[in-house]
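To start, the structure under review is shown below, and the notes come after it.
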Amino acid sequence: MKLFLENPHLFEYFGLVVVLLIFFSTSFFFKQLVPTRKWSGIGLIVVPVVYFFILLDAHVVNIPYTDDFNLLETIYKFRHAPDFTTGVKILFEQVNQHRFAFERIVMLIMVLFTGTVNIKTQIILGDLFLLGIAWFLFRSFKKEHISWYYFIPVPYVIFNLVYWENAYWGIAALQNTPLIFFAFLTAYGISRNDQKGFYISVIAALLTTFTSGSGLLTWIIGAILLLFQKRYKLLAGWVAALVAVICFYFLFDYYMIPSTGEKAWTHPLYNLIFVFGFWGNALFLDLRHPLTPSFYPDLIWCVLLGAAIMALFLAWVTRILIKKKLVWSDWFLWGAMMFMMGTGAMFVISRPLSTYLMYGGNIFSRRYMIFGIALLAVFYVCVVILLKDYKYLRKAAVMLGMSVFVSLNFVSYYLSIVQIRKMHDDLVIDSYFWKNYKTFLTAGDNFGDIPFWNHPTRMRDLINSVEKEGLSHFYQFLTLPDQQNLIRETADRSTVLQGNFSARSHSRNTENNVPAKYYRFKLEGKDNLKPAYFVFRSPKITFVLPAVPQPATVADFLKTQSYYSNTAAYGLFKSKVPAGNYDVWILYPGSAAASWKAIPAGKRVVL
C-alpha cells in the first residue's frame, strides 16, 4: 500500500464517507432508499477502519524508534540468559515504573516463529486491539437493546490520527492499546457475574499489570466492582491475588524511582484543570501552541469535555446505586470509565502542574491521546444508554456524536498525515545518521547524542548484535553514499533547480517549554518532481535532512483534490544541527533503483 505514502487519497476517503452518510440519512425519509440503509450503515462502520489500516501499512517501517531499542536489547539478553532466574529477571525487567513482560513475550513469540523482530508487525498487532475495544462498545449497545445504527459514530472517534504517535510507534502501539483492551476485558469478565468471567478477569488483570504500570489500576477497579456486586467470596480471592501481584511487582528486582516534582495537591486548582484536560484530550488538535499565556480554544474544549465526563461518571454511579436490575454493560462501562479516568489521575499525580494549563499548551504527548479517545467513545455510549428511553434526546445525541466524531476524524487526518509521513522519513534515514554521524535524527536533543543516555558503546554493541543475529534489519534503507562522497557521486550541476529554497529561524518552545532557536528549511517546487532530501555541504561535514512534502491549504486541497502540495520542508532545533557554513543541495531519487541525483539550490546558509 505504498501508493498511499505519496498520495494518501484523503479527498477520496472524505468523499466516500460523505456519500455513505447521504445515502444512510436520506433512507429514513425516502422509502425507495430503505434497502440502501443497511449496506450504507455497514459501509460507514467499515470505511474508517479500513482507511486507518491502509495508512498504517503505507507509513510504518520495520525500524526501531527510541524505546523500541530497549525492548530489542532485552530480547537479545533473554536469548543469551545463562539460567532460568536471569531469564525471568530480563522478562520482567523494569523500565521506569513499568514492567513490559507482555510486550517482550509478543516479541519472543515473533522471534520463535520468524527468527526476527518485525517492528511493523508489532505495530499492526498492537493497533488490532482497537477492534477489540470497539467490539466491547458494540456489545454494550446490543445488551441494552439499542439499534446498531447508534454505533456508527464510534469507529470515527476510535480510528483517527489524534493519537498518531501511539498508533505508529512500536512500543506505544504494543503497550497503550492492548493495555486499554485488557482493562476492558477485566471489567467485562467481572461484569459477566459468573465464575468463568472471574477467571477471565484475573488473567486479563495480570496481562494489564505487566503491559504498563497503570495496569495495577485494574485490580483496584475489579475490587470495587466485586464489592458493589456483593460477591464477597470472590472479592477475598481477588484481594489475595492483588497482594501477591503487588509483592511480586515491587519486591522482585525492583527499585523505587524518587519523585523530584511538587505534589499534585500543592496546586489543587491547576491540577484539577489538568486532569479534566487529560480526560478530554481527544479534542487536543495537532497544532502548534506557542509559549505564550494564551487561551487556546482546543484546550478549553478539552477541559470542558473532561468536566462533562466527570458529570457523566457521577450520573453513572447514581445509576449503579438506584437501578433495580443491572446488566453486564452497566458494570463494564463503569469499569472502563474508571480505568481511563484513573490513568489520567495517575498521570497528574506523577507529573503535576505548577502553572496554568494554557501556558505553552505542550502538556500532552500524542502517545497518551489514546486514553482520551477511548474515554470519549465510552462517554458517547453511556450518554446514548442513559437517553435510550427519551427518543428525541437519544436521536439528538447520536446526530451530535456523528457530527463531532466525523469532523474530528477528518480534521485529525488533515492535520496529522504529514506527521506520520515525517516519522516515516525520519526513521528511513536513521541508519544513515548512525553510520555517518554515530547519532540518530529521531533521538536526542543535540547533534551527536546517542540513545541510551549517551553511553559510548551500548547502542553500537546492540545494533551490531541484533543485526548479526537477524533480530533487526536496521540498515535496510541505507542506499545513500557515505556523507564524504555524497555530493561527489550524485552531483548534477547541469540541471537547474525548479523551485525556490529558503531557510528561516525563529524561537520555538521545546517539549519542556523552554524557548530555543528553531530552523525551518523549505523548497517551493515548480514541477511534480518530488525531492527526497535537503543536503547541507561544508568543508567538514555533509549533513542530510528529509524533504517532507507539506499539506496543501484547505482551499487547494478541495480544488486539486490532492493532500500534498509542491512544497517540501523540514524543521528542527539548532542544537540538532552541526554548526557550519553550508552550500545547499537538493537530492532527488534517480531513475535506477538506489540511485540519486543532487541539484545545487544556489544558496548558502550559516547554521
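Within each chain, counting starts at residue 1; across the C-alpha cells, chains are named A, B, ... in the order shown, with ligands numbered 1 upward in that order.
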
_What's around segment 493-510 of chain A at 10 Å? Count only C-alpha atoms, leave out sequence neighbours fewer than 4 positions away in its own chain, and write the answer as a PyMOL selection string._
chain A and resi 288-292+360+362+445+514-529+534+566-574+584-586+597-607

Based on the selection just made, write C-alpha atoms of those residues as a PDB file, in the first residue's frame.
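Contents of again_33.pdb, as written:
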```pdb
ATOM      1  CA  ARG A 288       1.356  24.486  17.476  1.00  0.00           C
ATOM      2  CA  HIS A 289       0.608  26.091  20.820  1.00  0.00           C
ATOM      3  CA  PRO A 290       3.292  28.804  21.188  1.00  0.00           C
ATOM      4  CA  LEU A 291       4.903  29.607  24.522  1.00  0.00           C
ATOM      5  CA  THR A 292       2.576  32.469  25.397  1.00  0.00           C
ATOM      6  CA  GLY A 360       2.559  26.673  26.228  1.00  0.00           C
ATOM      7  CA  ASN A 362       2.553  21.463  25.456  1.00  0.00           C
ATOM      8  CA  ASP A 445      18.261  16.944  21.920  1.00  0.00           C
ATOM      9  CA  VAL A 514      11.946  26.196  27.046  1.00  0.00           C
ATOM     10  CA  PRO A 515      12.359  28.639  24.139  1.00  0.00           C
ATOM     11  CA  ALA A 516      15.149  27.694  21.719  1.00  0.00           C
ATOM     12  CA  LYS A 517      16.274  28.600  18.202  1.00  0.00           C
ATOM     13  CA  TYR A 518      14.437  26.618  15.538  1.00  0.00           C
ATOM     14  CA  TYR A 519      15.329  26.233  11.838  1.00  0.00           C
ATOM     15  CA  ARG A 520      12.803  25.754   9.063  1.00  0.00           C
ATOM     16  CA  PHE A 521      14.009  24.720   5.592  1.00  0.00           C
ATOM     17  CA  LYS A 522      11.582  24.830   2.674  1.00  0.00           C
ATOM     18  CA  LEU A 523      11.613  24.160  -1.058  1.00  0.00           C
ATOM     19  CA  GLU A 524       8.712  25.547  -3.042  1.00  0.00           C
ATOM     20  CA  GLY A 525       8.785  23.428  -6.173  1.00  0.00           C
ATOM     21  CA  LYS A 526       7.510  24.294  -9.618  1.00  0.00           C
ATOM     22  CA  ASP A 527       7.148  20.806 -11.043  1.00  0.00           C
ATOM     23  CA  ASN A 528       5.945  17.384  -9.977  1.00  0.00           C
ATOM     24  CA  LEU A 529       9.443  16.065  -9.259  1.00  0.00           C
ATOM     25  CA  PHE A 534      17.988  18.536   1.750  1.00  0.00           C
ATOM     26  CA  ASN A 566       4.593  21.005  -4.352  1.00  0.00           C
ATOM     27  CA  THR A 567       6.312  22.297  -1.216  1.00  0.00           C
ATOM     28  CA  ALA A 568       8.733  20.197   0.842  1.00  0.00           C
ATOM     29  CA  ALA A 569      10.052  21.280   4.231  1.00  0.00           C
ATOM     30  CA  TYR A 570      11.816  20.200   7.377  1.00  0.00           C
ATOM     31  CA  GLY A 571      12.218  21.823  10.788  1.00  0.00           C
ATOM     32  CA  LEU A 572      14.433  21.124  13.774  1.00  0.00           C
ATOM     33  CA  PHE A 573      16.078  22.885  16.700  1.00  0.00           C
ATOM     34  CA  LYS A 574      19.511  24.472  16.303  1.00  0.00           C
ATOM     35  CA  VAL A 584      22.653  23.637  -0.092  1.00  0.00           C
ATOM     36  CA  TRP A 585      21.814  20.793  -2.484  1.00  0.00           C
ATOM     37  CA  ILE A 586      18.508  19.108  -3.210  1.00  0.00           C
ATOM     38  CA  LYS A 597      20.798  12.950  -8.203  1.00  0.00           C
ATOM     39  CA  ALA A 598      21.823  16.098  -6.330  1.00  0.00           C
ATOM     40  CA  ILE A 599      20.968  19.510  -7.779  1.00  0.00           C
ATOM     41  CA  PRO A 600      22.521  22.705  -6.335  1.00  0.00           C
ATOM     42  CA  ALA A 601      19.989  25.019  -4.712  1.00  0.00           C
ATOM     43  CA  GLY A 602      22.155  28.064  -5.379  1.00  0.00           C
ATOM     44  CA  LYS A 603      22.015  29.043  -1.717  1.00  0.00           C
ATOM     45  CA  ARG A 604      24.477  29.130   1.178  1.00  0.00           C
ATOM     46  CA  VAL A 605      23.360  29.073   4.792  1.00  0.00           C
ATOM     47  CA  VAL A 606      25.164  29.602   8.074  1.00  0.00           C
ATOM     48  CA  LEU A 607      23.873  27.301  10.800  1.00  0.00           C
TER      49      LEU A 607
END
```

Name all residues at most 7 Å from Gly372 of chain A (count only C-alpha atoms; drop same-chain ones fewer than 2 positions away) and give them as a PDB file with all heavy atoms, in the first residue's frame.
```
ATOM      1  N   PHE A 278      -6.805  16.250  30.573  1.00  0.00           N
ATOM      2  CA  PHE A 278      -6.349  14.930  30.132  1.00  0.00           C
ATOM      3  C   PHE A 278      -7.525  14.041  29.762  1.00  0.00           C
ATOM      4  O   PHE A 278      -7.481  13.332  28.756  1.00  0.00           O
ATOM      5  CB  PHE A 278      -5.510  14.266  31.230  1.00  0.00           C
ATOM      6  CG  PHE A 278      -4.859  12.990  30.793  1.00  0.00           C
ATOM      7  CD1 PHE A 278      -3.612  13.009  30.204  1.00  0.00           C
ATOM      8  CD2 PHE A 278      -5.497  11.772  30.942  1.00  0.00           C
ATOM      9  CE1 PHE A 278      -3.000  11.837  29.778  1.00  0.00           C
ATOM     10  CE2 PHE A 278      -4.906  10.593  30.526  1.00  0.00           C
ATOM     11  CZ  PHE A 278      -3.651  10.620  29.940  1.00  0.00           C
ATOM     12  N   TRP A 279      -8.578  14.052  30.555  1.00  0.00           N
ATOM     13  CA  TRP A 279      -9.755  13.237  30.238  1.00  0.00           C
ATOM     14  C   TRP A 279     -10.369  13.653  28.901  1.00  0.00           C
ATOM     15  O   TRP A 279     -10.885  12.814  28.167  1.00  0.00           O
ATOM     16  CB  TRP A 279     -10.804  13.370  31.347  1.00  0.00           C
ATOM     17  CG  TRP A 279     -10.400  12.718  32.635  1.00  0.00           C
ATOM     18  CD1 TRP A 279      -9.415  11.799  32.817  1.00  0.00           C
ATOM     19  CD2 TRP A 279     -10.965  12.951  33.929  1.00  0.00           C
ATOM     20  NE1 TRP A 279      -9.332  11.430  34.146  1.00  0.00           N
ATOM     21  CE2 TRP A 279     -10.269  12.113  34.845  1.00  0.00           C
ATOM     22  CE3 TRP A 279     -11.982  13.763  34.410  1.00  0.00           C
ATOM     23  CZ2 TRP A 279     -10.574  12.080  36.213  1.00  0.00           C
ATOM     24  CZ3 TRP A 279     -12.289  13.740  35.766  1.00  0.00           C
ATOM     25  CH2 TRP A 279     -11.593  12.907  36.650  1.00  0.00           C
ATOM     26  N   GLY A 280     -10.300  14.937  28.592  1.00  0.00           N
ATOM     27  CA  GLY A 280     -10.898  15.422  27.346  1.00  0.00           C
ATOM     28  C   GLY A 280      -9.896  15.623  26.230  1.00  0.00           C
ATOM     29  O   GLY A 280     -10.178  16.341  25.261  1.00  0.00           O
ATOM     30  N   ASN A 281      -8.707  14.974  26.329  1.00  0.00           N
ATOM     31  CA  ASN A 281      -7.629  15.281  25.381  1.00  0.00           C
ATOM     32  C   ASN A 281      -7.902  14.830  23.958  1.00  0.00           C
ATOM     33  O   ASN A 281      -7.105  15.112  23.061  1.00  0.00           O
ATOM     34  CB  ASN A 281      -6.294  14.708  25.866  1.00  0.00           C
ATOM     35  CG  ASN A 281      -6.254  13.185  25.912  1.00  0.00           C
ATOM     36  OD1 ASN A 281      -6.972  12.490  25.181  1.00  0.00           O
ATOM     37  ND2 ASN A 281      -5.414  12.645  26.775  1.00  0.00           N
ATOM     38  N   ALA A 282      -9.015  14.142  23.714  1.00  0.00           N
ATOM     39  CA  ALA A 282      -9.369  13.769  22.339  1.00  0.00           C
ATOM     40  C   ALA A 282      -9.554  15.001  21.461  1.00  0.00           C
ATOM     41  O   ALA A 282      -9.431  14.926  20.232  1.00  0.00           O
ATOM     42  CB  ALA A 282     -10.649  12.932  22.333  1.00  0.00           C
ATOM     43  N   MET A 369      -2.852  10.324  23.866  1.00  0.00           N
ATOM     44  CA  MET A 369      -4.184  10.732  23.419  1.00  0.00           C
ATOM     45  C   MET A 369      -5.138   9.551  23.284  1.00  0.00           C
ATOM     46  O   MET A 369      -6.350   9.714  23.299  1.00  0.00           O
ATOM     47  CB  MET A 369      -4.104  11.465  22.078  1.00  0.00           C
ATOM     48  CG  MET A 369      -3.240  12.704  22.041  1.00  0.00           C
ATOM     49  SD  MET A 369      -3.807  14.052  23.106  1.00  0.00           S
ATOM     50  CE  MET A 369      -2.660  13.888  24.457  1.00  0.00           C
ATOM     51  N   ILE A 370      -4.602   8.333  23.158  1.00  0.00           N
ATOM     52  CA  ILE A 370      -5.443   7.149  23.001  1.00  0.00           C
ATOM     53  C   ILE A 370      -6.359   6.964  24.204  1.00  0.00           C
ATOM     54  O   ILE A 370      -7.485   6.474  24.069  1.00  0.00           O
ATOM     55  CB  ILE A 370      -4.568   5.891  22.779  1.00  0.00           C
ATOM     56  CG1 ILE A 370      -5.415   4.655  22.507  1.00  0.00           C
ATOM     57  CG2 ILE A 370      -3.641   5.662  23.951  1.00  0.00           C
ATOM     58  CD1 ILE A 370      -6.212   4.708  21.253  1.00  0.00           C
ATOM     59  N   ALA A 374     -10.418   6.714  23.806  1.00  0.00           N
ATOM     60  CA  ALA A 374     -11.219   5.601  24.328  1.00  0.00           C
ATOM     61  C   ALA A 374     -12.249   6.095  25.334  1.00  0.00           C
ATOM     62  O   ALA A 374     -13.388   5.614  25.352  1.00  0.00           O
ATOM     63  CB  ALA A 374     -10.298   4.560  24.969  1.00  0.00           C
ATOM     64  N   LEU A 375     -11.858   7.064  26.154  1.00  0.00           N
ATOM     65  CA  LEU A 375     -12.789   7.605  27.144  1.00  0.00           C
ATOM     66  C   LEU A 375     -13.932   8.350  26.466  1.00  0.00           C
ATOM     67  O   LEU A 375     -15.096   8.249  26.896  1.00  0.00           O
ATOM     68  CB  LEU A 375     -12.039   8.529  28.099  1.00  0.00           C
ATOM     69  CG  LEU A 375     -12.838   9.113  29.272  1.00  0.00           C
ATOM     70  CD1 LEU A 375     -13.511   8.013  30.084  1.00  0.00           C
ATOM     71  CD2 LEU A 375     -11.932   9.960  30.161  1.00  0.00           C
ATOM     72  N   LEU A 376     -13.647   9.081  25.393  1.00  0.00           N
ATOM     73  CA  LEU A 376     -14.706   9.783  24.666  1.00  0.00           C
ATOM     74  C   LEU A 376     -15.671   8.795  24.027  1.00  0.00           C
ATOM     75  O   LEU A 376     -16.896   9.018  24.019  1.00  0.00           O
ATOM     76  CB  LEU A 376     -14.089  10.688  23.594  1.00  0.00           C
ATOM     77  CG  LEU A 376     -15.062  11.492  22.725  1.00  0.00           C
ATOM     78  CD1 LEU A 376     -15.980  12.364  23.575  1.00  0.00           C
ATOM     79  CD2 LEU A 376     -14.305  12.335  21.704  1.00  0.00           C
TER      80      LEU A 376
END
```

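Here the question is which of A:Ile224, A:Ala241, A:Ala336, A:Leu393 gets nearest to Phe379 of chain A using only C-alpha atoms, and that residue is A:Ala336.
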
Q) Could you pull out all residues of segment 256-421 of chain A with a DSSP call of helix (DSSP H, G or I) and give them as a PyMOL selection string? A) chain A and resi 264-266+268-279+281-283+297-322+328-350+366-386+391-421

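Once Asp57 of chain A and its same-chain neighbours fewer than 4 positions away are set aside, A:Met1, A:Lys2, A:Leu3, A:Phe4, A:Leu5, A:Pro8, A:Val50, A:Tyr51, A:Phe52, A:Phe53, A:Val61, A:Asn62, A:Ile119, A:Lys120, A:Thr121, A:Gln122, A:Ile123, A:Ile124, A:Leu125, A:Asp127, A:Ala167, A:Tyr168, A:Ile420, A:Arg421, A:His424 remain within 12 Å of it when counting only C-alpha atoms.
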
Could you dump the residues just selected with N, CA, C and O atoms as a short mmCIF file (atom, residue, chain, number, x, y, z; two decimals), in the first residue's frame?
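Writing done, so here's selection.cif:
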```cif
data_model
loop_
_atom_site.label_atom_id
_atom_site.label_comp_id
_atom_site.auth_asym_id
_atom_site.auth_seq_id
_atom_site.Cartn_x
_atom_site.Cartn_y
_atom_site.Cartn_z
N MET A 1 0.81 -1.22 0.00
CA MET A 1 0.00 0.00 0.00
C MET A 1 0.84 1.27 0.00
O MET A 1 0.42 2.31 0.47
N LYS A 2 2.11 1.19 -0.49
CA LYS A 2 2.96 2.37 -0.53
C LYS A 2 2.38 3.45 -1.44
O LYS A 2 2.82 4.60 -1.41
N LEU A 3 1.41 3.08 -2.25
CA LEU A 3 0.70 4.07 -3.06
C LEU A 3 0.15 5.18 -2.18
O LEU A 3 0.10 6.34 -2.57
N PHE A 4 -0.26 4.83 -0.96
CA PHE A 4 -0.85 5.80 -0.05
C PHE A 4 0.20 6.60 0.71
O PHE A 4 -0.16 7.45 1.52
N LEU A 5 1.48 6.32 0.46
CA LEU A 5 2.53 7.12 1.09
C LEU A 5 2.68 8.45 0.38
O LEU A 5 2.68 9.51 1.00
N PRO A 8 -2.07 10.08 0.03
CA PRO A 8 -2.94 9.37 0.97
C PRO A 8 -4.40 9.28 0.53
O PRO A 8 -5.20 8.67 1.24
N VAL A 50 -10.86 0.52 7.65
CA VAL A 50 -10.01 0.11 6.53
C VAL A 50 -9.01 1.22 6.17
O VAL A 50 -7.82 0.95 5.96
N TYR A 51 -9.48 2.46 6.11
CA TYR A 51 -8.59 3.56 5.75
C TYR A 51 -7.47 3.73 6.78
O TYR A 51 -6.32 3.96 6.42
N PHE A 52 -7.80 3.58 8.05
CA PHE A 52 -6.81 3.69 9.12
C PHE A 52 -5.69 2.67 8.91
O PHE A 52 -4.50 3.02 8.97
N PHE A 53 -6.05 1.43 8.62
CA PHE A 53 -5.03 0.39 8.49
C PHE A 53 -4.29 0.48 7.15
O PHE A 53 -3.13 0.06 7.06
N VAL A 61 7.41 1.54 9.02
CA VAL A 61 8.59 0.82 8.53
C VAL A 61 9.16 -0.04 9.65
O VAL A 61 8.97 0.25 10.84
N ASN A 62 9.85 -1.07 9.27
CA ASN A 62 10.42 -2.01 10.23
C ASN A 62 11.76 -1.48 10.75
O ASN A 62 12.83 -2.06 10.54
N ILE A 119 9.21 -4.78 13.59
CA ILE A 119 8.55 -3.66 14.28
C ILE A 119 7.22 -3.32 13.62
O ILE A 119 6.23 -2.99 14.29
N LYS A 120 7.15 -3.43 12.31
CA LYS A 120 5.91 -3.13 11.61
C LYS A 120 4.81 -4.11 12.02
O LYS A 120 3.67 -3.71 12.29
N THR A 121 5.14 -5.39 12.05
CA THR A 121 4.17 -6.39 12.50
C THR A 121 3.75 -6.13 13.93
O THR A 121 2.57 -6.25 14.29
N GLN A 122 4.70 -5.74 14.76
CA GLN A 122 4.42 -5.42 16.15
C GLN A 122 3.41 -4.28 16.27
O GLN A 122 2.47 -4.33 17.07
N ILE A 123 3.61 -3.25 15.45
CA ILE A 123 2.70 -2.10 15.49
C ILE A 123 1.30 -2.49 15.03
O ILE A 123 0.29 -2.12 15.65
N ILE A 124 1.22 -3.24 13.94
CA ILE A 124 -0.09 -3.66 13.43
C ILE A 124 -0.81 -4.53 14.45
O ILE A 124 -2.02 -4.37 14.69
N LEU A 125 -0.09 -5.45 15.10
CA LEU A 125 -0.69 -6.30 16.13
C LEU A 125 -1.24 -5.44 17.26
O LEU A 125 -2.35 -5.68 17.76
N ASP A 127 -2.21 -2.28 17.15
CA ASP A 127 -3.36 -1.49 16.73
C ASP A 127 -4.60 -2.34 16.46
O ASP A 127 -5.72 -1.83 16.47
N ALA A 167 -0.20 5.22 17.56
CA ALA A 167 -0.57 4.27 16.51
C ALA A 167 0.63 3.84 15.66
O ALA A 167 0.63 2.75 15.09
N TYR A 168 1.68 4.68 15.57
CA TYR A 168 2.77 4.43 14.62
C TYR A 168 4.12 4.22 15.30
O TYR A 168 5.15 4.20 14.64
N ILE A 420 2.85 11.58 10.33
CA ILE A 420 3.27 10.18 10.16
C ILE A 420 4.19 10.04 8.95
O ILE A 420 5.04 9.16 8.92
N ARG A 421 4.03 10.93 7.97
CA ARG A 421 4.97 10.93 6.84
C ARG A 421 6.36 11.37 7.32
O ARG A 421 7.38 10.78 6.94
N HIS A 424 7.91 8.54 9.20
CA HIS A 424 8.39 7.55 8.23
C HIS A 424 9.74 7.97 7.66
O HIS A 424 10.70 7.20 7.64
#
```

Correct to one decimal, the distance atom CA of Phe102 of chain A-atom CA of Phe210 of chain A is 5.9 Å
